[in-house]
>>> print(open('final34.cif').read())   # mmCIF, C-alpha atoms and all ligand atoms
data_data
loop_
_atom_site.label_atom_id
_atom_site.label_comp_id
_atom_site.auth_asym_id
_atom_site.auth_seq_id
_atom_site.Cartn_x
_atom_site.Cartn_y
_atom_site.Cartn_z
CA MET A 25 4.87 1.25 -11.06
CA ALA A 26 4.21 -0.34 -14.42
CA LYS A 27 0.81 -1.75 -15.32
CA PRO A 28 1.80 -3.80 -18.37
CA VAL A 29 -1.75 -5.09 -18.88
CA GLY A 30 -3.52 -2.14 -17.29
CA ALA A 31 -6.58 -3.25 -15.36
CA ALA A 32 -6.95 -6.62 -17.12
CA CYS A 33 -7.29 -9.43 -14.59
CA ASN A 34 -8.24 -13.09 -14.52
CA ILE A 35 -10.32 -12.74 -11.36
CA ASP A 36 -12.86 -10.25 -10.10
CA CYS A 37 -12.31 -9.22 -6.48
CA THR A 38 -15.20 -7.28 -5.01
CA TYR A 39 -13.11 -4.36 -3.77
CA CYS A 40 -10.63 -4.01 -6.65
CA TYR A 41 -9.98 -0.31 -7.21
CA TYR A 42 -8.40 -0.95 -10.58
CA LEU A 43 -10.87 -3.02 -12.64
CA SER A 44 -13.01 0.07 -13.23
CA LYS A 45 -10.07 1.83 -14.95
CA GLN A 46 -10.94 -0.19 -18.04
CA ASP A 47 -14.00 2.05 -18.49
CA LEU A 48 -12.59 5.22 -16.99
CA LEU A 49 -9.63 5.25 -19.37
CA GLU A 50 -11.97 4.31 -22.21
CA TYR A 51 -10.43 1.00 -23.21
CA LYS A 52 -12.79 -1.08 -25.33
CA PRO A 53 -13.93 -4.29 -23.57
CA GLY A 54 -11.31 -7.01 -23.98
CA CYS A 55 -8.95 -4.59 -25.74
CA THR A 56 -6.65 -3.41 -23.01
CA PRO A 57 -3.39 -2.31 -24.59
CA LYS A 58 -0.21 -4.03 -23.43
CA ILE A 59 3.34 -2.77 -23.09
CA GLU A 60 4.98 -5.04 -25.61
CA GLY A 61 7.36 -5.24 -28.54
CA GLU A 62 9.24 -2.02 -29.22
CA ALA A 63 7.27 -0.19 -26.55
CA LEU A 64 8.52 -2.61 -23.90
CA GLU A 65 12.13 -2.14 -24.96
CA THR A 66 11.72 1.63 -25.03
CA TYR A 67 10.11 1.61 -21.59
CA ILE A 68 12.90 -0.46 -20.04
CA LYS A 69 15.60 1.67 -21.64
CA LEU A 70 13.98 4.97 -20.59
CA TYR A 71 13.25 3.75 -17.09
CA ILE A 72 16.87 2.68 -16.58
CA GLU A 73 18.22 5.91 -18.09
CA SER A 74 16.07 8.02 -15.78
CA HIS A 75 17.82 6.59 -12.70
CA ASN A 76 21.14 7.60 -11.26
CA ALA A 77 21.10 5.19 -8.32
CA PRO A 78 23.11 2.00 -7.70
CA GLU A 79 19.89 -0.03 -7.58
CA ILE A 80 16.92 0.12 -9.94
CA ILE A 81 13.66 -1.58 -9.06
CA PHE A 82 10.99 -2.37 -11.61
CA SER A 83 7.52 -2.83 -10.10
CA TRP A 84 5.09 -4.88 -12.17
CA GLN A 85 1.48 -4.57 -11.12
CA GLY A 86 -1.96 -4.74 -12.62
CA GLY A 87 -4.53 -5.93 -13.15
CA GLU A 88 -2.72 -9.22 -13.20
CA PRO A 89 0.73 -9.01 -14.81
CA THR A 90 1.19 -12.80 -15.14
CA LEU A 91 -1.52 -12.69 -17.84
CA LEU A 92 1.31 -11.59 -20.12
CA GLY A 93 2.91 -15.02 -19.84
CA LEU A 94 6.32 -16.23 -18.77
CA GLU A 95 7.97 -15.53 -22.14
CA TYR A 96 7.11 -11.86 -21.67
CA PHE A 97 9.03 -11.68 -18.40
CA LYS A 98 11.94 -13.61 -19.88
CA THR A 99 12.12 -10.83 -22.47
CA VAL A 100 11.91 -8.25 -19.68
CA VAL A 101 14.95 -9.73 -17.95
CA GLU A 102 16.92 -9.92 -21.22
CA LEU A 103 16.13 -6.30 -22.01
CA GLN A 104 17.10 -5.21 -18.52
CA LYS A 105 20.47 -6.94 -18.99
CA LYS A 106 20.91 -5.27 -22.35
CA TYR A 107 20.55 -1.78 -20.86
CA GLN A 108 21.98 -2.46 -17.38
CA PRO A 109 24.72 0.08 -16.64
CA ASP A 110 27.96 -1.24 -15.11
CA GLY A 111 27.83 -1.51 -11.34
CA VAL A 112 24.06 -1.07 -11.16
CA VAL A 113 21.80 -3.74 -9.70
CA ILE A 114 18.39 -4.26 -11.29
CA LYS A 115 15.59 -5.89 -9.31
CA ASN A 116 11.97 -6.73 -10.01
CA ASP A 117 8.82 -6.78 -7.87
CA LEU A 118 5.79 -8.62 -9.18
CA GLN A 119 2.38 -8.29 -7.53
CA THR A 120 0.15 -11.26 -8.35
CA ASN A 121 -2.94 -13.15 -7.30
CA GLY A 122 -0.90 -16.33 -7.85
CA ILE A 123 -3.52 -18.13 -9.95
CA LEU A 124 -1.28 -18.64 -12.98
CA LEU A 125 1.91 -19.53 -11.15
CA ASN A 126 3.28 -23.00 -11.93
CA ASP A 127 6.62 -24.77 -11.56
CA GLU A 128 8.12 -23.07 -14.57
CA TRP A 129 7.05 -19.63 -13.41
CA CYS A 130 8.35 -20.15 -9.90
CA ALA A 131 11.70 -21.53 -11.08
CA PHE A 132 12.08 -18.40 -13.22
CA LEU A 133 11.07 -16.03 -10.42
CA ALA A 134 13.54 -17.67 -8.04
CA GLU A 135 16.36 -17.72 -10.59
CA HIS A 136 15.97 -14.01 -11.30
CA ASP A 137 15.34 -13.05 -7.70
CA PHE A 138 11.95 -11.44 -8.22
CA LEU A 139 10.21 -10.30 -5.06
CA VAL A 140 6.71 -11.71 -5.43
CA GLY A 141 3.87 -9.94 -3.68
CA LEU A 142 1.13 -12.51 -3.23
CA SER A 143 -2.40 -11.30 -2.59
CA ILE A 144 -4.12 -13.46 0.00
CA ASP A 145 -6.72 -12.34 2.49
CA GLY A 146 -6.58 -15.04 5.15
CA PRO A 147 -8.13 -18.47 5.74
CA GLU A 148 -10.50 -19.93 3.16
CA LEU A 149 -13.79 -18.35 4.24
CA LEU A 150 -12.32 -14.89 4.67
CA HIS A 151 -10.32 -15.04 1.44
CA ASN A 152 -13.18 -16.40 -0.64
CA ALA A 153 -15.63 -13.78 0.58
CA HIS A 154 -14.16 -11.15 -1.72
CA ARG A 155 -11.40 -12.68 -3.82
CA THR A 156 -13.55 -14.46 -6.37
CA ASN A 157 -13.32 -15.41 -10.03
CA ARG A 158 -15.74 -14.15 -12.66
CA ALA A 159 -18.18 -16.94 -11.84
CA GLY A 160 -18.22 -15.71 -8.25
CA ARG A 161 -16.28 -18.69 -6.90
CA GLY A 162 -13.53 -18.23 -4.32
CA THR A 163 -9.90 -18.51 -5.39
CA PHE A 164 -8.43 -19.73 -2.11
CA ARG A 165 -7.38 -23.21 -3.27
CA GLN A 166 -5.64 -21.87 -6.36
CA VAL A 167 -3.75 -19.31 -4.28
CA MET A 168 -2.68 -21.97 -1.78
CA LYS A 169 -1.25 -24.01 -4.67
CA ALA A 170 0.80 -20.95 -5.54
CA VAL A 171 1.97 -20.76 -1.91
CA ASP A 172 3.21 -24.37 -2.11
CA LEU A 173 5.06 -23.70 -5.36
CA ILE A 174 6.61 -20.53 -4.00
CA HIS A 175 8.04 -22.49 -1.07
CA LYS A 176 9.08 -25.42 -3.26
CA HIS A 177 11.19 -23.10 -5.43
CA ASN A 178 12.34 -20.76 -2.64
CA VAL A 179 10.87 -17.71 -4.29
CA THR A 180 11.29 -14.57 -2.21
CA PHE A 181 7.81 -13.37 -1.35
CA ALA A 182 5.67 -11.08 0.75
CA THR A 183 1.97 -11.36 1.36
CA LEU A 184 -0.52 -8.58 0.75
CA THR A 185 -3.73 -8.81 2.73
CA CYS A 186 -6.71 -6.53 2.40
CA VAL A 187 -8.28 -5.39 5.64
CA ASN A 188 -11.94 -5.16 4.74
CA ASN A 189 -15.32 -5.48 6.48
CA LEU A 190 -14.63 -9.16 7.28
CA THR A 191 -10.90 -9.61 7.74
CA SER A 192 -10.89 -6.60 10.08
CA LYS A 193 -13.09 -8.57 12.49
CA ASN A 194 -10.71 -11.56 12.56
CA PRO A 195 -7.27 -10.02 13.08
CA VAL A 196 -5.56 -12.78 15.06
CA GLU A 197 -6.97 -15.52 12.86
CA VAL A 198 -5.71 -13.71 9.76
CA TYR A 199 -2.28 -13.02 11.23
CA ARG A 200 -1.75 -16.56 12.52
CA PHE A 201 -2.83 -17.98 9.19
CA LEU A 202 -0.32 -15.82 7.32
CA ARG A 203 2.45 -16.63 9.78
CA ASP A 204 1.80 -20.32 10.45
CA VAL A 205 0.13 -21.67 7.31
CA VAL A 206 1.39 -19.43 4.51
CA LYS A 207 4.67 -18.98 6.40
CA SER A 208 4.95 -15.40 5.32
CA THR A 209 7.73 -13.46 7.02
CA GLN A 210 6.92 -10.22 5.21
CA ILE A 211 3.34 -9.21 5.83
CA GLN A 212 1.64 -6.22 4.28
CA PHE A 213 -1.85 -5.04 5.12
CA ILE A 214 -3.94 -2.55 3.18
CA PRO A 215 -7.03 -0.88 4.64
CA ILE A 216 -9.87 -1.05 2.13
CA VAL A 217 -11.50 2.38 2.00
CA GLU A 218 -13.57 3.52 -0.96
CA GLN A 219 -16.37 6.03 -1.26
CA LYS A 220 -19.24 4.69 -3.34
CA THR A 221 -18.24 7.11 -6.10
CA PHE A 222 -14.63 5.88 -6.34
CA ARG A 223 -15.02 4.41 -9.82
CA THR A 224 -15.64 7.81 -11.37
CA ASP A 225 -14.69 10.59 -8.94
CA ALA A 226 -11.04 11.40 -8.35
CA PRO A 227 -10.11 12.23 -4.75
CA GLN A 228 -10.05 15.98 -4.03
CA SER A 229 -11.97 16.65 -7.26
CA ASP A 230 -14.83 19.15 -7.30
CA THR A 231 -17.36 16.36 -7.68
CA GLU A 232 -20.29 16.25 -5.28
CA SER A 233 -18.87 13.44 -3.17
CA TRP A 234 -15.66 15.37 -2.46
CA GLN A 235 -17.10 18.86 -1.92
CA ALA A 236 -16.46 20.16 1.59
CA GLU A 237 -20.12 20.94 2.28
CA ASN A 238 -21.12 17.36 1.46
CA GLN A 239 -18.60 15.66 3.70
CA ILE A 240 -19.99 13.78 6.67
CA LYS A 241 -18.90 14.39 10.23
CA GLN A 242 -16.77 11.87 12.11
CA GLY A 243 -19.00 9.54 14.13
CA ASP A 244 -22.00 9.82 11.77
CA LYS A 245 -23.64 6.47 11.00
CA ARG A 246 -23.36 7.17 7.26
CA LEU A 247 -19.64 6.49 7.58
CA ILE A 248 -20.29 2.93 8.74
CA PRO A 249 -19.73 0.36 5.96
CA GLY A 250 -22.94 -1.55 5.36
CA HIS A 251 -25.24 1.13 6.81
CA LYS A 252 -28.15 1.70 4.43
CA ASN A 253 -27.16 5.32 3.75
CA SER A 254 -23.44 4.80 3.98
CA VAL A 255 -21.21 6.85 1.68
CA VAL A 256 -18.58 4.11 1.69
CA GLU A 257 -18.77 0.70 0.06
CA SER A 258 -20.01 -2.12 2.30
CA PHE A 259 -16.75 -4.07 1.84
CA CYS A 260 -14.72 -1.31 3.53
CA VAL A 261 -13.11 -1.44 6.94
CA SER A 262 -14.53 1.02 9.48
CA ASP A 263 -12.27 3.56 11.17
CA LEU A 264 -12.19 1.78 14.53
CA GLY A 265 -12.22 -1.59 12.77
CA TRP A 266 -8.88 -0.62 11.28
CA GLY A 267 -7.45 0.51 14.61
CA ASN A 268 -8.67 -2.58 16.43
CA PHE A 269 -7.27 -4.84 13.71
CA LEU A 270 -3.80 -3.30 13.99
CA ILE A 271 -3.91 -3.42 17.79
CA ALA A 272 -4.79 -7.13 17.88
CA VAL A 273 -2.17 -8.04 15.29
CA PHE A 274 0.43 -5.93 17.06
CA ASP A 275 -0.24 -7.70 20.38
CA GLU A 276 0.09 -11.09 18.75
CA TRP A 277 3.26 -10.10 16.87
CA GLU A 278 4.81 -8.55 19.96
CA LYS A 279 4.60 -11.82 21.91
CA SER A 280 7.17 -13.70 19.87
CA ASP A 281 7.64 -12.40 16.33
CA ILE A 282 9.69 -9.23 16.71
CA GLY A 283 12.70 -9.62 14.46
CA SER A 284 11.41 -12.72 12.69
CA VAL A 285 8.15 -11.60 11.07
CA PHE A 286 8.20 -8.23 9.32
CA VAL A 287 4.86 -6.50 9.38
CA GLN A 288 5.23 -3.51 7.10
CA TYR A 289 3.17 -1.16 9.25
CA PHE A 290 5.09 -1.97 12.42
CA GLU A 291 8.42 -1.47 10.65
CA ALA A 292 7.15 1.83 9.29
CA ASN A 293 5.96 2.93 12.73
CA LEU A 294 9.25 2.03 14.36
CA ALA A 295 11.03 4.18 11.79
CA SER A 296 8.75 7.10 12.69
CA TRP A 297 9.29 6.69 16.44
CA ILE A 298 13.07 6.76 16.02
CA GLY A 299 12.89 9.79 13.75
CA GLU A 300 13.55 8.11 10.41
CA ARG A 301 11.32 8.32 7.36
CA SER A 302 8.79 5.53 7.14
CA GLN A 303 9.02 3.36 4.01
CA LEU A 304 5.27 3.66 3.46
CA CYS A 305 4.12 6.58 1.34
CA THR A 306 0.86 6.75 3.25
CA LEU A 307 2.68 7.58 6.51
CA ASN A 308 5.16 10.04 5.04
CA PRO A 309 4.76 13.80 4.80
CA VAL A 310 4.76 13.94 0.99
CA CYS A 311 3.37 11.84 -1.85
CA GLY A 312 4.44 11.62 -5.41
CA LYS A 313 7.38 9.24 -5.50
CA GLY A 314 5.55 6.41 -7.20
CA LEU A 315 4.12 7.32 -10.59
CA ALA A 316 1.81 4.75 -12.14
CA MET A 317 2.16 3.90 -15.81
CA GLU A 318 -0.65 2.52 -17.95
CA PRO A 319 0.19 0.24 -20.90
CA ASN A 320 -0.09 3.08 -23.43
CA GLY A 321 2.70 4.89 -21.54
CA ASP A 322 0.42 7.41 -19.83
CA LEU A 323 1.79 8.42 -16.44
CA TYR A 324 -0.32 9.25 -13.40
CA THR A 325 0.58 10.92 -10.11
CA CYS A 326 -0.03 7.72 -8.13
CA ASP A 327 -1.52 4.26 -8.45
CA HIS A 328 -4.55 5.51 -6.50
CA TYR A 329 -4.96 8.57 -8.70
CA VAL A 330 -5.30 6.96 -12.11
CA TYR A 331 -8.02 9.37 -13.22
CA PRO A 332 -7.88 11.52 -16.36
CA GLU A 333 -7.22 14.74 -14.41
CA HIS A 334 -4.16 13.19 -12.75
CA LYS A 335 -2.36 12.28 -15.94
CA VAL A 336 1.05 13.97 -15.83
CA GLY A 337 2.60 12.83 -19.08
CA ASN A 338 3.50 9.91 -21.27
CA ILE A 339 6.73 7.99 -21.04
CA TYR A 340 7.07 7.75 -24.81
CA HIS A 341 6.47 11.45 -25.47
CA ASP A 342 7.80 13.19 -22.37
CA ASN A 343 11.02 13.08 -20.41
CA LEU A 344 10.45 10.81 -17.40
CA GLU A 345 12.74 12.81 -15.13
CA GLU A 346 11.02 16.06 -16.06
CA VAL A 347 7.62 14.54 -15.42
CA SER A 348 8.69 12.96 -12.11
CA TYR A 349 10.00 16.28 -10.81
CA GLY A 350 7.56 18.47 -12.77
CA GLN A 351 5.29 21.08 -11.23
CA GLN A 352 2.11 18.96 -11.33
CA GLN A 353 3.82 16.04 -9.61
CA GLN A 354 5.42 18.31 -7.00
CA ASP A 355 2.13 20.05 -6.31
CA PHE A 356 0.48 16.67 -5.89
CA GLY A 357 3.27 15.47 -3.58
CA TYR A 358 3.40 18.49 -1.29
CA ALA A 359 -0.39 18.78 -1.10
CA LYS A 360 -0.27 15.88 1.35
CA ILE A 361 1.38 17.96 4.06
CA GLU A 362 0.19 21.37 2.95
CA SER A 363 -3.46 20.38 3.21
CA LEU A 364 -3.33 18.79 6.66
CA THR A 365 -6.33 19.76 8.74
CA SER A 366 -5.70 21.79 11.87
CA ALA A 367 -6.64 18.70 13.89
CA CYS A 368 -3.82 16.78 12.17
CA GLN A 369 -1.41 19.64 12.69
CA ARG A 370 -2.16 19.57 16.42
CA CYS A 371 -2.16 15.77 16.65
CA GLU A 372 0.49 14.20 18.86
CA TYR A 373 0.93 11.42 16.29
CA VAL A 374 1.33 13.56 13.22
CA PHE A 375 4.98 12.45 13.07
CA ALA A 376 3.81 8.88 12.37
CA CYS A 377 0.74 9.55 10.27
CA TYR A 378 0.80 12.88 8.41
CA GLY A 379 -2.92 12.55 7.81
CA GLU A 380 -2.38 9.19 6.04
CA CYS A 381 -3.34 8.78 2.39
CA PRO A 382 -5.09 11.82 0.87
CA LYS A 383 -7.48 9.55 -1.02
CA ASN A 384 -9.00 8.71 2.38
CA ARG A 385 -9.51 12.33 3.46
CA PHE A 386 -13.19 12.83 2.87
CA ILE A 387 -14.86 13.42 6.24
CA LYS A 388 -15.40 16.37 8.56
CA ASN A 389 -13.62 16.15 11.90
CA ALA A 390 -15.19 16.86 15.29
CA ASP A 391 -14.59 20.62 14.75
CA GLY A 392 -16.52 20.44 11.48
CA GLU A 393 -13.39 20.92 9.40
CA PRO A 394 -13.47 18.98 6.07
CA ASN A 395 -10.84 16.70 4.53
CA GLN A 396 -10.07 14.74 7.68
CA ASN A 397 -8.96 11.17 7.12
CA TYR A 398 -11.77 8.60 7.31
CA LEU A 399 -9.49 6.23 9.31
CA CYS A 400 -8.36 8.89 11.81
CA ALA A 401 -10.16 7.51 14.90
CA GLY A 402 -8.67 4.07 14.26
CA TRP A 403 -5.18 5.41 13.69
CA LYS A 404 -5.30 7.39 16.95
CA LYS A 405 -6.51 4.42 18.95
CA TYR A 406 -3.74 2.27 17.50
CA PHE A 407 -1.02 4.89 18.02
CA ASP A 408 -2.11 5.32 21.64
CA HIS A 409 -1.80 1.57 22.06
CA ILE A 410 1.69 1.23 20.61
CA ASP A 411 3.31 4.47 21.75
CA LYS A 412 4.98 3.12 24.91
CA ARG A 413 5.70 -0.24 23.31
CA MET A 414 7.37 1.29 20.27
CA ALA A 415 9.60 3.25 22.63
CA HIS A 416 10.53 -0.01 24.39
CA ILE A 417 11.21 -1.83 21.14
CA ALA A 418 13.37 1.01 19.84
CA ARG A 419 15.39 1.16 23.06
CA SER A 420 15.84 -2.59 23.17
CA TYR A 421 17.54 -2.33 19.77
CA GLY A 422 19.62 0.65 20.89
CA TYR A 423 17.79 3.30 18.88
CA PRO A 424 17.03 6.75 20.22
CA VAL A 425 13.34 7.47 20.70
CA LYS A 426 12.73 10.79 19.03
CA PHE A 427 8.94 11.02 19.11
CA GLY A 428 5.91 10.03 21.16
CA ARG A 429 5.02 10.51 24.82
CA TYR A 430 8.01 8.38 25.89
CA SER A 431 10.64 10.04 23.74
CA ASP A 432 14.15 10.40 25.15
CA ASP A 433 13.66 14.16 25.58
CA LYS A 434 10.41 13.80 27.48
CA MET A 435 11.75 11.01 29.67
CA ALA A 436 14.93 12.95 30.41
CA SER A 437 12.96 16.00 31.47
CA LEU A 438 10.84 13.79 33.73
CA LEU A 439 13.69 11.80 35.23
CA GLY A 440 16.44 14.39 35.17
CA SER A 441 19.88 12.98 34.60
CA ASN A 442 18.95 9.50 35.83
CA PRO A 443 18.32 7.55 32.66
CA ARG A 444 16.76 4.64 34.53
CA TYR A 445 14.09 4.31 31.84
CA MET A 446 16.80 3.12 29.45
CA PHE A 447 16.98 -0.15 31.37
CA ASN A 448 13.29 -0.48 31.94
CA THR A 449 12.68 -2.65 28.96
CA GLN A 450 10.60 -5.76 28.73
CA TYR A 451 12.30 -7.13 25.61
S1 LIG A 501 -1.90 9.34 -2.64
FE1 LIG A 501 -1.80 7.76 -1.05
S2 LIG A 501 -0.97 5.94 -2.10
FE2 LIG A 501 -0.56 7.73 -3.41
S3 LIG A 501 1.54 8.42 -2.83
FE3 LIG A 501 0.06 9.56 -1.59
S4 LIG A 501 -0.13 8.42 0.30
FE4 LIG A 501 0.78 7.04 -1.22
S1 LIG A 502 -4.14 10.27 13.68
FE1 LIG A 502 -5.80 11.49 12.76
S2 LIG A 502 -5.42 13.60 13.51
FE2 LIG A 502 -3.54 12.40 13.82
S3 LIG A 502 -2.31 12.83 12.00
FE3 LIG A 502 -3.45 10.90 11.65
S4 LIG A 502 -5.31 11.51 10.59
FE4 LIG A 502 -4.44 13.38 11.50
#
>>> encode(input="final34.cif", output="structure tokens", more="lines below")
Ligand code: SF4
Ligand code: SF4
Amino acid sequence: MAKPVGAACNIDCTYCYYLSKQDLLEYKPGCTPKIEGEALETYIKLYIESHNAPEIIFSWQGGEPTLLGLEYFKTVVELQKKYQPDGVVIKNDLQTNGILLNDEWCAFLAEHDFLVGLSIDGPELLHNAHRTNRAGRGTFRQVMKAVDLIHKHNVTFATLTCVNNLTSKNPVEVYRFLRDVVKSTQIQFIPIVEQKTFRTDAPQSDTESWQAENQIKQGDKRLIPGHKNSVVESFCVSDLGWGNFLIAVFDEWEKSDIGSVFVQYFEANLASWIGERSQLCTLNPVCGKGLAMEPNGDLYTCDHYVYPEHKVGNIYHDNLEEVSYGQQQQDFGYAKIESLTSACQRCEYVFACYGECPKNRFIKNADGEPNQNYLCAGWKKYFDHIDKRMAHIARSYGYPVKFGRYSDDKMASLLGSNPRYMFNTQY
């Protein structure tokens, strides 16, 4: 994941986890380095050379990558063509707040088949609550102009919506807005979870906020966003807020949108229920497959671990393949499953969750064990809600159900050789 302008951005969202990298990585104000000139060419060449797959995907993130201007991305595409091996397809993803998109941009993005990830948090009031410019004004109208242009030029796009203290309380309104107004058919949600120390303290570091003895027990009021002594930022979603949000969206989606609207979490869950790997790193057993690269070429274990102690190398000085499969990166990746709490190991939904993202593992569970995931109670409630339904959906598409309380094995042992359950589908 390339950050060609690092944390530089033209807006100032309340919950952005990346703006603070400007200070953490010691860039001088207004002097964020960019990947440009020879460095850009070298990056593209090295990135292509480090792949041995028929498809190579470049992911451009930020900060706000469109700050680099359209000419920059025209150069990107030319350089990709220059180094494109025969028979290999090269694709680009671009995550943007949409503010700078215009006709020319959108025509280019459509022509070169970029997948645009557009950040939008819902209807005007909900979006403007946190997605503001530097003057504190909401950016909703500008983003909706981008939506119109995206449709006008048939740009392939997905929406990215943050589930925070406000959007989490309006799940159906948010979902219907994305489906009916934005007309998004690929919907991604991200739970916003940050300890108050997130700007300086790396997850799992030996800082005070991450030390086992300082972690707060599940159910304690200090884990509620907005509580006066809360350890998390007030803009965060609560654990059950997250579960309830997913449940309400799932129910709405299930009524008529299966197969026509792709909600990334539901796709990922279906994969888990049928025994395939989920496409979301957060719900997989290991991390470490998405290094983040800052504009000076420094490589970090993950986009959420861009802290000095998680630097694993530099693309211009080290071999990318060796870094990607190096010991530090492997240790980081396997730590996700190796450090599961005993509650997670016993959990009936571990196959779909794997303790979720390690950056969110900062509470004590009911047994007093540290490093439980902050969102755990919400995940469990949601998994309980969808378990039977996921089994139905999988069967209606002819997939085996490998996991959950209604798996093929469990149903067969209940019903003997009479597979009546196979026909008991509501879809
Ligand atoms: S740390 Fe979180 S975001 Fe990063 S790879 Fe692991 S699960 Fe994914
Ligand atoms: S639902 Fe909770 S206990 Fe189960 S795997 Fe996820 S985080 Fe662990």
>>> axis_aligned_box(input="final34.cif", around="segment 345-360 of chain A", padding_each_side="8 Å", output="AutoDock Vina command-line options")
--center_x 6.2 --center_y 16.9 --center_z -7.4 --size_x 29.1 --size_y 24.3 --size_z 33.4
>>> residues_near_ligand(input="final34.cif", ligand="ligand LIG 502 (chain A)", cutoff="9 Å", atoms="only C-alpha atoms and all ligand atoms", output="ChimeraX atom specification")
/A:307,364-381,385,389,396-407
>>> atom_distance(input="final34.cif", atom1="atom CA of Thr156 of chain A", atom2="atom CA of Gly141 of chain A")
18.2 Å
>>> residues_near_ligand(input="final34.cif", ligand="ligand LIG 501 (chain A)", cutoff="6 Å", atoms="only C-alpha atoms and all ligand atoms", output="PDB file with C-alpha atoms, in the frame of the given file")
ATOM      1  CA  CYS A 305       4.120   6.580   1.340  1.00  0.00           C
ATOM      2  CA  THR A 306       0.860   6.750   3.250  1.00  0.00           C
ATOM      3  CA  CYS A 311       3.370  11.840  -1.850  1.00  0.00           C
ATOM      4  CA  GLY A 312       4.440  11.620  -5.410  1.00  0.00           C
ATOM      5  CA  CYS A 326      -0.030   7.720  -8.130  1.00  0.00           C
ATOM      6  CA  HIS A 328      -4.550   5.510  -6.500  1.00  0.00           C
ATOM      7  CA  CYS A 381      -3.340   8.780   2.390  1.00  0.00           C
ATOM      8  CA  PRO A 382      -5.090  11.820   0.870  1.00  0.00           C
ATOM      9  CA  LYS A 383      -7.480   9.550  -1.020  1.00  0.00           C
TER      10      LYS A 383
END
>>> atom_distance(input="final34.cif", atom1="atom CA of Cys186 of chain A", atom2="atom CA of Glu257 of chain A")
14.3 Å
>>> residues_around(input="final34.cif", residues="segment 330-337 of chain A", least_positions_apart="4", cutoff="10 Å", atoms="all atoms listed in the file", output="short mmCIF file (atom, residue, chain, number, x, y, z; two decimals) with C-alpha atoms, in the coordinates of the input")
data_model
loop_
_atom_site.label_atom_id
_atom_site.label_comp_id
_atom_site.auth_asym_id
_atom_site.auth_seq_id
_atom_site.Cartn_x
_atom_site.Cartn_y
_atom_site.Cartn_z
CA TYR A 41 -9.98 -0.31 -7.21
CA TYR A 42 -8.40 -0.95 -10.58
CA LYS A 45 -10.07 1.83 -14.95
CA LEU A 48 -12.59 5.22 -16.99
CA LEU A 49 -9.63 5.25 -19.37
CA ARG A 223 -15.02 4.41 -9.82
CA THR A 224 -15.64 7.81 -11.37
CA ASP A 225 -14.69 10.59 -8.94
CA ALA A 226 -11.04 11.40 -8.35
CA PRO A 227 -10.11 12.23 -4.75
CA SER A 229 -11.97 16.65 -7.26
CA LEU A 315 4.12 7.32 -10.59
CA ALA A 316 1.81 4.75 -12.14
CA MET A 317 2.16 3.90 -15.81
CA GLU A 318 -0.65 2.52 -17.95
CA GLY A 321 2.70 4.89 -21.54
CA ASP A 322 0.42 7.41 -19.83
CA LEU A 323 1.79 8.42 -16.44
CA TYR A 324 -0.32 9.25 -13.40
CA THR A 325 0.58 10.92 -10.11
CA CYS A 326 -0.03 7.72 -8.13
CA HIS A 341 6.47 11.45 -25.47
CA ASP A 342 7.80 13.19 -22.37
CA ASN A 343 11.02 13.08 -20.41
CA LEU A 344 10.45 10.81 -17.40
CA GLU A 346 11.02 16.06 -16.06
CA VAL A 347 7.62 14.54 -15.42
CA SER A 348 8.69 12.96 -12.11
CA GLY A 350 7.56 18.47 -12.77
CA GLN A 351 5.29 21.08 -11.23
CA GLN A 352 2.11 18.96 -11.33
CA GLN A 353 3.82 16.04 -9.61
CA PHE A 356 0.48 16.67 -5.89
#
>>> closest_atom_pairs(input="final34.cif", of="segment 150-192 of chain A", to="segment 270-277 of chain A", cutoff="12 Å", atoms="all atoms listed in the file", output="CSV")
residue,atom,partner,partner_atom,distance
A:Val187,CA,A:Leu270,CA,9.7
A:Thr191,CA,A:Leu270,CA,11.4
A:Ser192,CA,A:Leu270,CA,8.7
>>> closest_residue(input="final34.cif", among="A:Gln228, A:Gly392, A:Pro215, A:Leu133", to="Lys98 of chain A", atoms="only C-alpha atoms")
A:Leu133
>>> atom_distance(input="final34.cif", atom1="atom CA of Gly267 of chain A", atom2="atom CA of Pro394 of chain A")
21.2 Å
>>> closest_residue(input="final34.cif", among="A:Ile72, A:Asn178, A:Phe82, A:Gln119", to="Lys106 of chain A", atoms="only C-alpha atoms")
A:Ile72
>>> closest_residue(input="final34.cif", among="A:Asp433, A:Asp230, A:Glu291, A:Glu345", to="Met414 of chain A", atoms="only C-alpha atoms")
A:Glu291
>>> closest_residue(input="final34.cif", among="A:Pro309, A:Ser74, A:Arg200, A:Tyr329", to="Tyr349 of chain A", atoms="all atoms listed in the file")
A:Ser74
>>> closest_residue(input="final34.cif", among="A:Ile174, A:Leu438, A:Ile240, A:Leu150", to="Leu190 of chain A", atoms="all atoms listed in the file")
A:Leu150
>>> closest_residue(input="final34.cif", among="A:Leu103, A:Val112, A:Ala415, A:Met25", to="Ile298 of chain A", atoms="all atoms listed in the file")
A:Ala415
>>> residues_around(input="final34.cif", residues="Asn116 of chain A", least_positions_apart="4", cutoff="12 Å", atoms="all atoms listed in the file", output="list in words")
Met25, Ala26, Ile68, Glu79, Ile80, Ile81, Phe82, Ser83, Trp84, Gln85, Phe97, Val100, Val101, Gln104, Leu133, Ala134, Glu135, His136, Asp137, Phe138, Leu139, Val140, Gly141, Thr180 and Phe181 of chain A
>>> residues_near_point(input="final34.cif", point="(6.6, -0.1, 15.1)", cutoff="9 Å", atoms="all atoms listed in the file", output="ChimeraX atom specification")
/A:274,287-297,410-411,413-415,417-418
